$ cat query.pdb   # PDB, C-alpha atoms, pLDDT in the B column
ATOM      1  CA  MET G   1      51.894 163.307 232.898  1.00 94.00           C
ATOM      2  CA  ASN G   2      48.501 162.895 234.549  1.00 97.00           C
ATOM      3  CA  TYR G   3      47.118 159.608 235.830  1.00 98.00           C
ATOM      4  CA  TYR G   4      43.453 158.976 236.475  1.00 98.00           C
ATOM      5  CA  VAL G   5      41.711 156.733 238.952  1.00 98.00           C
ATOM      6  CA  TYR G   6      38.185 156.294 237.695  1.00 98.00           C
ATOM      7  CA  ILE G   7      34.930 154.542 238.465  1.00 98.00           C
ATOM      8  CA  LEU G   8      32.578 153.239 235.803  1.00 97.00           C
ATOM      9  CA  THR G   9      29.133 151.743 236.160  1.00 97.00           C
ATOM     10  CA  ASN G  10      26.456 150.210 233.966  1.00 96.00           C
ATOM     11  CA  LYS G  11      23.082 151.690 232.954  1.00 95.00           C
ATOM     12  CA  THR G  12      21.395 150.610 236.201  1.00 96.00           C
ATOM     13  CA  ASN G  13      24.309 151.719 238.447  1.00 97.00           C
ATOM     14  CA  ARG G  14      24.473 148.234 239.948  1.00 97.00           C
ATOM     15  CA  VAL G  15      27.983 147.256 238.859  1.00 97.00           C
ATOM     16  CA  LEU G  16      31.116 149.276 239.638  1.00 98.00           C
ATOM     17  CA  TYR G  17      34.508 149.052 237.974  1.00 96.00           C
ATOM     18  CA  ILE G  18      37.559 150.893 239.306  1.00 97.00           C
ATOM     19  CA  GLY G  19      40.586 151.418 237.119  1.00 96.00           C
ATOM     20  CA  VAL G  20      43.678 153.541 236.534  1.00 97.00           C
ATOM     21  CA  THR G  21      44.985 155.016 233.278  1.00 97.00           C
ATOM     22  CA  ASN G  22      47.150 157.789 231.875  1.00 98.00           C
ATOM     23  CA  ASN G  23      44.615 158.623 229.140  1.00 96.00           C
ATOM     24  CA  LEU G  24      41.033 158.662 230.361  1.00 96.00           C
ATOM     25  CA  GLU G  25      39.396 159.441 227.003  1.00 93.00           C
ATOM     26  CA  ARG G  26      41.233 156.578 225.261  1.00 93.00           C
ATOM     27  CA  ARG G  27      40.450 154.166 228.078  1.00 93.00           C
ATOM     28  CA  LEU G  28      36.751 155.071 228.012  1.00 93.00           C
ATOM     29  CA  TYR G  29      36.730 154.492 224.257  1.00 91.00           C
ATOM     30  CA  GLU G  30      38.154 151.016 224.888  1.00 92.00           C
ATOM     31  CA  HIS G  31      35.538 150.255 227.545  1.00 91.00           C
ATOM     32  CA  ARG G  32      32.629 151.564 225.452  1.00 89.00           C
ATOM     33  CA  ASN G  33      33.693 149.579 222.428  1.00 91.00           C
ATOM     34  CA  GLU G  34      34.280 146.572 224.650  1.00 90.00           C
ATOM     35  CA  LEU G  35      37.923 146.306 223.648  1.00 88.00           C
ATOM     36  CA  ALA G  36      38.962 146.333 227.310  1.00 67.00           C
ATOM     37  CA  ASP G  37      39.069 143.572 229.897  1.00 65.00           C
ATOM     38  CA  SER G  38      36.296 141.006 230.098  1.00 79.00           C
ATOM     39  CA  PHE G  39      34.646 142.368 233.267  1.00 90.00           C
ATOM     40  CA  THR G  40      33.577 145.647 231.681  1.00 91.00           C
ATOM     41  CA  LYS G  41      32.600 143.854 228.488  1.00 91.00           C
ATOM     42  CA  ARG G  42      30.589 141.201 230.320  1.00 92.00           C
ATOM     43  CA  TYR G  43      28.605 143.685 232.427  1.00 94.00           C
ATOM     44  CA  HIS G  44      28.475 146.550 229.866  1.00 93.00           C
ATOM     45  CA  VAL G  45      30.183 148.974 232.239  1.00 93.00           C
ATOM     46  CA  HIS G  46      30.575 152.142 230.171  1.00 92.00           C
ATOM     47  CA  LYS G  47      29.369 155.114 232.244  1.00 96.00           C
ATOM     48  CA  LEU G  48      32.000 157.327 233.903  1.00 97.00           C
ATOM     49  CA  VAL G  49      30.660 158.422 237.298  1.00 98.00           C
ATOM     50  CA  TYR G  50      33.842 159.452 239.152  1.00 98.00           C
ATOM     51  CA  PHE G  51      37.501 160.227 238.553  1.00 97.00           C
ATOM     52  CA  GLU G  52      40.527 161.699 240.288  1.00 97.00           C
ATOM     53  CA  THR G  53      43.825 162.900 238.846  1.00 98.00           C
ATOM     54  CA  THR G  54      47.382 162.758 240.104  1.00 98.00           C
ATOM     55  CA  THR G  55      50.812 163.188 238.536  1.00 98.00           C
ATOM     56  CA  ASP G  56      52.307 160.170 240.329  1.00 98.00           C
ATOM     57  CA  ILE G  57      51.596 156.669 238.995  1.00 97.00           C
ATOM     58  CA  ARG G  58      52.365 155.049 242.364  1.00 98.00           C
ATOM     59  CA  THR G  59      49.818 157.280 244.074  1.00 98.00           C
ATOM     60  CA  ALA G  60      47.232 156.403 241.425  1.00 98.00           C
ATOM     61  CA  ILE G  61      47.802 152.666 241.812  1.00 98.00           C
ATOM     62  CA  GLU G  62      47.645 152.907 245.605  1.00 98.00           C
ATOM     63  CA  ARG G  63      44.404 154.871 245.402  1.00 98.00           C
ATOM     64  CA  GLU G  64      42.906 152.344 242.989  1.00 98.00           C
ATOM     65  CA  LYS G  65      43.711 149.517 245.412  1.00 98.00           C
ATOM     66  CA  GLN G  66      42.319 151.519 248.320  1.00 98.00           C
ATOM     67  CA  LEU G  67      39.019 152.179 246.549  1.00 98.00           C
ATOM     68  CA  LYS G  68      38.697 148.552 245.472  1.00 98.00           C
ATOM     69  CA  GLY G  69      38.958 147.565 249.142  1.00 98.00           C
ATOM     70  CA  TRP G  70      36.091 149.801 250.227  1.00 98.00           C
ATOM     71  CA  LEU G  71      32.558 148.611 250.888  1.00 98.00           C
ATOM     72  CA  ARG G  72      29.989 149.526 248.243  1.00 98.00           C
ATOM     73  CA  VAL G  73      28.287 152.076 250.513  1.00 98.00           C
ATOM     74  CA  LYS G  74      31.555 153.995 250.892  1.00 98.00           C
ATOM     75  CA  LYS G  75      32.199 153.909 247.132  1.00 98.00           C
ATOM     76  CA  ASN G  76      28.681 155.228 246.511  1.00 98.00           C
ATOM     77  CA  ALA G  77      29.262 158.084 248.953  1.00 98.00           C
ATOM     78  CA  LEU G  78      32.529 158.982 247.193  1.00 98.00           C
ATOM     79  CA  ILE G  79      30.843 159.019 243.789  1.00 98.00           C
ATOM     80  CA  GLU G  80      28.076 161.241 245.137  1.00 98.00           C
ATOM     81  CA  THR G  81      30.579 163.864 246.353  1.00 96.00           C
ATOM     82  CA  MET G  82      31.410 164.567 242.685  1.00 94.00           C
ATOM     83  CA  ASN G  83      28.318 163.300 240.945  1.00 97.00           C
ATOM     84  CA  PRO G  84      25.174 163.140 243.113  1.00 97.00           C
ATOM     85  CA  LYS G  85      22.928 162.218 240.151  1.00 97.00           C
ATOM     86  CA  TRP G  86      25.261 159.498 238.844  1.00 97.00           C
ATOM     87  CA  GLU G  87      25.373 161.119 235.401  1.00 96.00           C
ATOM     88  CA  ASP G  88      27.910 160.090 232.775  1.00 96.00           C
ATOM     89  CA  LEU G  89      30.696 162.635 233.277  1.00 95.00           C
ATOM     90  CA  SER G  90      32.157 161.977 229.842  1.00 92.00           C
ATOM     91  CA  THR G  91      29.108 162.858 227.729  1.00 86.00           C
ATOM     92  CA  LYS G  92      30.343 166.412 227.257  1.00 75.00           C
ATOM     93  CA  TRP G  93      33.487 165.025 225.567  1.00 70.00           C
ATOM     94  CA  TYR G  94      31.374 163.421 222.830  1.00 62.00           C
ATOM     95  CA  GLU G  95      28.815 166.158 222.147  1.00 54.00           C
TER
END

$ encode --input "query.pdb" --output "structure tokens"
Amino acid sequence: MNYYVYILTNKTNRVLYIGVTNNLERRLYEHRNELADSFTKRYHVHKLVYFETTTDIRTAIEREKQLKGWLRVKKNALIETMNPKWEDLSTKWYE
């Protein structure tokens, strides 16, 4: 089974949310329809800008905690390694 550590943002890229899941498409559906936790609902955080995969849940949880502890500038740099334009990486799933 794959586990995903992911970063979402809002339309203006000002708010970041870091999470972990075993089904990224389902979890994004929950965020976009604001069925998920109140933080993403409150700040309308729906845009997938970064994700990593691993087959070990413990590794995923550790990585999530690590990323949450980083300063914003370091998180931005990580996002830009995969997604320099901060585009929604999931749009191709819904075309």

$ residues_around --input "query.pdb" --residues "segment 65-78 of chain G" --least-positions-apart "4" --cutoff "10 Å" --atoms "only C-alpha atoms" --output "VMD selection string"
chain G and resid 5 to 7 13 15 to 20 49 to 50 59 to 61 82 to 84 86

$ write_last_selection --input "query.pdb" --atoms "C-alpha atoms" --output "tab-separated table (two decimals), in the frame of the given file"
chain	number	residue	atom	x	y	z
G	5	VAL	CA	41.71	156.73	238.95
G	6	TYR	CA	38.18	156.29	237.70
G	7	ILE	CA	34.93	154.54	238.46
G	13	ASN	CA	24.31	151.72	238.45
G	15	VAL	CA	27.98	147.26	238.86
G	16	LEU	CA	31.12	149.28	239.64
G	17	TYR	CA	34.51	149.05	237.97
G	18	ILE	CA	37.56	150.89	239.31
G	19	GLY	CA	40.59	151.42	237.12
G	20	VAL	CA	43.68	153.54	236.53
G	49	VAL	CA	30.66	158.42	237.30
G	50	TYR	CA	33.84	159.45	239.15
G	59	THR	CA	49.82	157.28	244.07
G	60	ALA	CA	47.23	156.40	241.42
G	61	ILE	CA	47.80	152.67	241.81
G	82	MET	CA	31.41	164.57	242.68
G	83	ASN	CA	28.32	163.30	240.94
G	84	PRO	CA	25.17	163.14	243.11
G	86	TRP	CA	25.26	159.50	238.84

$ atom_distance --input "query.pdb" --atom1 "atom CA of Thr21 of chain G" --atom2 "atom CA of Tyr4 of chain G"
5.3 Å

$ residues_around --input "query.pdb" --residues "Thr12 of chain G" --least-positions-apart "2" --cutoff "10 Å" --atoms "all atoms listed in the file" --output "PyMOL selection string"
chain G and resi 9-10+14-15+45+47

$ resolve_selection --input "query.pdb" --expression "the PyMOL selection byres ((chain G and resi 2) around 8)" --output "list in words"
Met1, Tyr3, Tyr4, Asn22, Asn23, Thr53, Thr54, Thr55 and Asp56 of chain G

$ resolve_selection --input "query.pdb" --expression "the PyMOL selection byres ((chain G and resi 28-32) around 9)" --output "PDB file with C-alpha atoms, keeping the file's coordinate frame"
ATOM      1  CA  ASN G  23      44.615 158.623 229.140  1.00 96.00           C
ATOM      2  CA  LEU G  24      41.033 158.662 230.361  1.00 96.00           C
ATOM      3  CA  GLU G  25      39.396 159.441 227.003  1.00 93.00           C
ATOM      4  CA  ARG G  26      41.233 156.578 225.261  1.00 93.00           C
ATOM      5  CA  ARG G  27      40.450 154.166 228.078  1.00 93.00           C
ATOM      6  CA  ASN G  33      33.693 149.579 222.428  1.00 91.00           C
ATOM      7  CA  GLU G  34      34.280 146.572 224.650  1.00 90.00           C
ATOM      8  CA  LEU G  35      37.923 146.306 223.648  1.00 88.00           C
ATOM      9  CA  ALA G  36      38.962 146.333 227.310  1.00 67.00           C
ATOM     10  CA  ASP G  37      39.069 143.572 229.897  1.00 65.00           C
ATOM     11  CA  THR G  40      33.577 145.647 231.681  1.00 91.00           C
ATOM     12  CA  LYS G  41      32.600 143.854 228.488  1.00 91.00           C
ATOM     13  CA  HIS G  44      28.475 146.550 229.866  1.00 93.00           C
ATOM     14  CA  VAL G  45      30.183 148.974 232.239  1.00 93.00           C
ATOM     15  CA  HIS G  46      30.575 152.142 230.171  1.00 92.00           C
ATOM     16  CA  LYS G  47      29.369 155.114 232.244  1.00 96.00           C
ATOM     17  CA  LEU G  48      32.000 157.327 233.903  1.00 97.00           C
ATOM     18  CA  SER G  90      32.157 161.977 229.842  1.00 92.00           C
TER      19      SER G  90
END

$ atom_distance --input "query.pdb" --atom1 "atom CA of Trp93 of chain G" --atom2 "atom CA of Glu64 of chain G"
23.5 Å

$ closest_residue --input "query.pdb" --among "G:Arg42, G:Phe51, G:Glu62, G:Lys11" --to "Thr81 of chain G" --atoms "only C-alpha atoms"
G:Phe51

$ decode --input "query.pdb" --residues "segment 79-94 of chain G" --atoms "all heavy atoms" --output "short mmCIF file (atom, residue, chain, number, x, y, z; two decimals), in the first residue's frame"
data_model
loop_
_atom_site.label_atom_id
_atom_site.label_comp_id
_atom_site.auth_asym_id
_atom_site.auth_seq_id
_atom_site.Cartn_x
_atom_site.Cartn_y
_atom_site.Cartn_z
N ILE G 79 8.42 22.71 -2.16
CA ILE G 79 7.33 22.73 -3.15
C ILE G 79 7.90 23.05 -4.53
O ILE G 79 7.57 22.40 -5.52
CB ILE G 79 6.24 23.73 -2.75
CG1 ILE G 79 5.51 23.22 -1.50
CG2 ILE G 79 5.26 23.98 -3.91
CD1 ILE G 79 4.66 24.26 -0.80
N GLU G 80 8.78 24.04 -4.59
CA GLU G 80 9.30 24.50 -5.87
C GLU G 80 10.25 23.51 -6.53
O GLU G 80 10.48 23.61 -7.74
CB GLU G 80 9.92 25.88 -5.69
CG GLU G 80 8.83 26.92 -5.44
CD GLU G 80 9.32 28.28 -5.00
OE1 GLU G 80 10.55 28.49 -4.96
OE2 GLU G 80 8.46 29.12 -4.70
N THR G 81 10.75 22.51 -5.79
CA THR G 81 11.55 21.47 -6.43
C THR G 81 10.69 20.61 -7.35
O THR G 81 11.16 20.12 -8.36
CB THR G 81 12.24 20.54 -5.40
OG1 THR G 81 11.25 19.84 -4.64
CG2 THR G 81 13.19 21.30 -4.49
N MET G 82 9.42 20.42 -6.98
CA MET G 82 8.49 19.61 -7.77
C MET G 82 7.59 20.49 -8.64
O MET G 82 7.18 20.06 -9.72
CB MET G 82 7.60 18.76 -6.84
CG MET G 82 6.47 18.03 -7.54
SD MET G 82 5.36 17.16 -6.43
CE MET G 82 6.20 15.59 -6.29
N ASN G 83 7.31 21.67 -8.17
CA ASN G 83 6.24 22.47 -8.77
C ASN G 83 6.60 23.96 -8.71
O ASN G 83 6.02 24.71 -7.94
CB ASN G 83 4.95 22.18 -7.98
CG ASN G 83 3.73 22.77 -8.61
OD1 ASN G 83 3.78 23.41 -9.63
ND2 ASN G 83 2.61 22.55 -7.95
N PRO G 84 7.55 24.40 -9.54
CA PRO G 84 8.02 25.78 -9.46
C PRO G 84 6.96 26.84 -9.71
O PRO G 84 7.08 27.96 -9.23
CB PRO G 84 9.13 25.86 -10.52
CG PRO G 84 9.00 24.65 -11.34
CD PRO G 84 8.24 23.63 -10.56
N LYS G 85 5.89 26.49 -10.43
CA LYS G 85 4.83 27.47 -10.72
C LYS G 85 3.65 27.37 -9.75
O LYS G 85 2.66 28.09 -9.91
CB LYS G 85 4.33 27.29 -12.15
CG LYS G 85 5.38 27.63 -13.19
CD LYS G 85 4.83 27.50 -14.58
CE LYS G 85 5.89 27.83 -15.60
NZ LYS G 85 5.36 27.68 -16.98
N TRP G 86 3.75 26.48 -8.79
CA TRP G 86 2.69 26.29 -7.79
C TRP G 86 1.34 25.98 -8.47
O TRP G 86 0.30 26.45 -8.06
CB TRP G 86 2.58 27.50 -6.87
CG TRP G 86 3.70 27.64 -5.90
CD1 TRP G 86 5.01 27.84 -6.21
CD2 TRP G 86 3.63 27.58 -4.48
NE1 TRP G 86 5.76 27.92 -5.06
CE2 TRP G 86 4.94 27.77 -3.98
CE3 TRP G 86 2.59 27.39 -3.57
CZ2 TRP G 86 5.24 27.76 -2.63
CZ3 TRP G 86 2.89 27.40 -2.22
CH2 TRP G 86 4.20 27.58 -1.76
N GLU G 87 1.38 25.13 -9.49
CA GLU G 87 0.15 24.72 -10.16
C GLU G 87 -0.53 23.60 -9.37
O GLU G 87 0.13 22.89 -8.61
CB GLU G 87 0.47 24.25 -11.57
CG GLU G 87 1.04 25.35 -12.43
CD GLU G 87 1.55 24.87 -13.77
OE1 GLU G 87 1.94 23.70 -13.90
OE2 GLU G 87 1.57 25.70 -14.68
N ASP G 88 -1.81 23.43 -9.57
CA ASP G 88 -2.54 22.35 -8.93
C ASP G 88 -2.17 21.05 -9.63
O ASP G 88 -2.52 20.84 -10.79
CB ASP G 88 -4.04 22.59 -9.00
CG ASP G 88 -4.84 21.59 -8.19
OD1 ASP G 88 -4.29 20.52 -7.81
OD2 ASP G 88 -6.01 21.87 -7.93
N LEU G 89 -1.46 20.18 -8.93
CA LEU G 89 -0.96 18.93 -9.51
C LEU G 89 -2.06 17.91 -9.77
O LEU G 89 -1.85 16.94 -10.46
CB LEU G 89 0.12 18.34 -8.61
CG LEU G 89 1.35 19.22 -8.38
CD1 LEU G 89 2.26 18.58 -7.35
CD2 LEU G 89 2.09 19.47 -9.68
N SER G 90 -3.22 18.13 -9.21
CA SER G 90 -4.30 17.16 -9.36
C SER G 90 -5.26 17.49 -10.50
O SER G 90 -6.17 16.70 -10.77
CB SER G 90 -5.09 17.03 -8.06
OG SER G 90 -5.80 18.23 -7.80
N THR G 91 -5.10 18.61 -11.18
CA THR G 91 -6.06 18.98 -12.22
C THR G 91 -6.15 17.94 -13.31
O THR G 91 -7.23 17.71 -13.87
CB THR G 91 -5.76 20.36 -12.82
OG1 THR G 91 -4.42 20.35 -13.31
CG2 THR G 91 -5.97 21.47 -11.84
N LYS G 92 -5.04 17.29 -13.63
CA LYS G 92 -5.06 16.27 -14.68
C LYS G 92 -5.92 15.06 -14.31
O LYS G 92 -6.40 14.35 -15.17
CB LYS G 92 -3.63 15.82 -15.02
CG LYS G 92 -2.91 15.18 -13.88
CD LYS G 92 -1.48 14.83 -14.23
CE LYS G 92 -0.79 14.35 -12.98
NZ LYS G 92 0.61 14.39 -13.08
N TRP G 93 -6.16 14.84 -13.01
CA TRP G 93 -7.00 13.73 -12.57
C TRP G 93 -8.46 13.99 -12.87
O TRP G 93 -9.27 13.08 -12.93
CB TRP G 93 -6.85 13.48 -11.08
CG TRP G 93 -5.46 13.16 -10.63
CD1 TRP G 93 -4.43 12.72 -11.41
CD2 TRP G 93 -4.92 13.26 -9.32
NE1 TRP G 93 -3.29 12.54 -10.66
CE2 TRP G 93 -3.57 12.86 -9.37
CE3 TRP G 93 -5.45 13.65 -8.10
CZ2 TRP G 93 -2.75 12.84 -8.25
CZ3 TRP G 93 -4.64 13.62 -6.98
CH2 TRP G 93 -3.30 13.21 -7.07
N TYR G 94 -8.82 15.27 -13.01
CA TYR G 94 -10.24 15.64 -13.15
C TYR G 94 -10.57 16.18 -14.52
O TYR G 94 -11.65 16.70 -14.73
CB TYR G 94 -10.60 16.67 -12.07
CG TYR G 94 -10.36 16.12 -10.69
CD1 TYR G 94 -9.25 16.53 -9.94
CD2 TYR G 94 -11.20 15.17 -10.14
CE1 TYR G 94 -9.00 16.01 -8.69
CE2 TYR G 94 -10.96 14.65 -8.87
CZ TYR G 94 -9.87 15.08 -8.16
OH TYR G 94 -9.62 14.56 -6.92
#
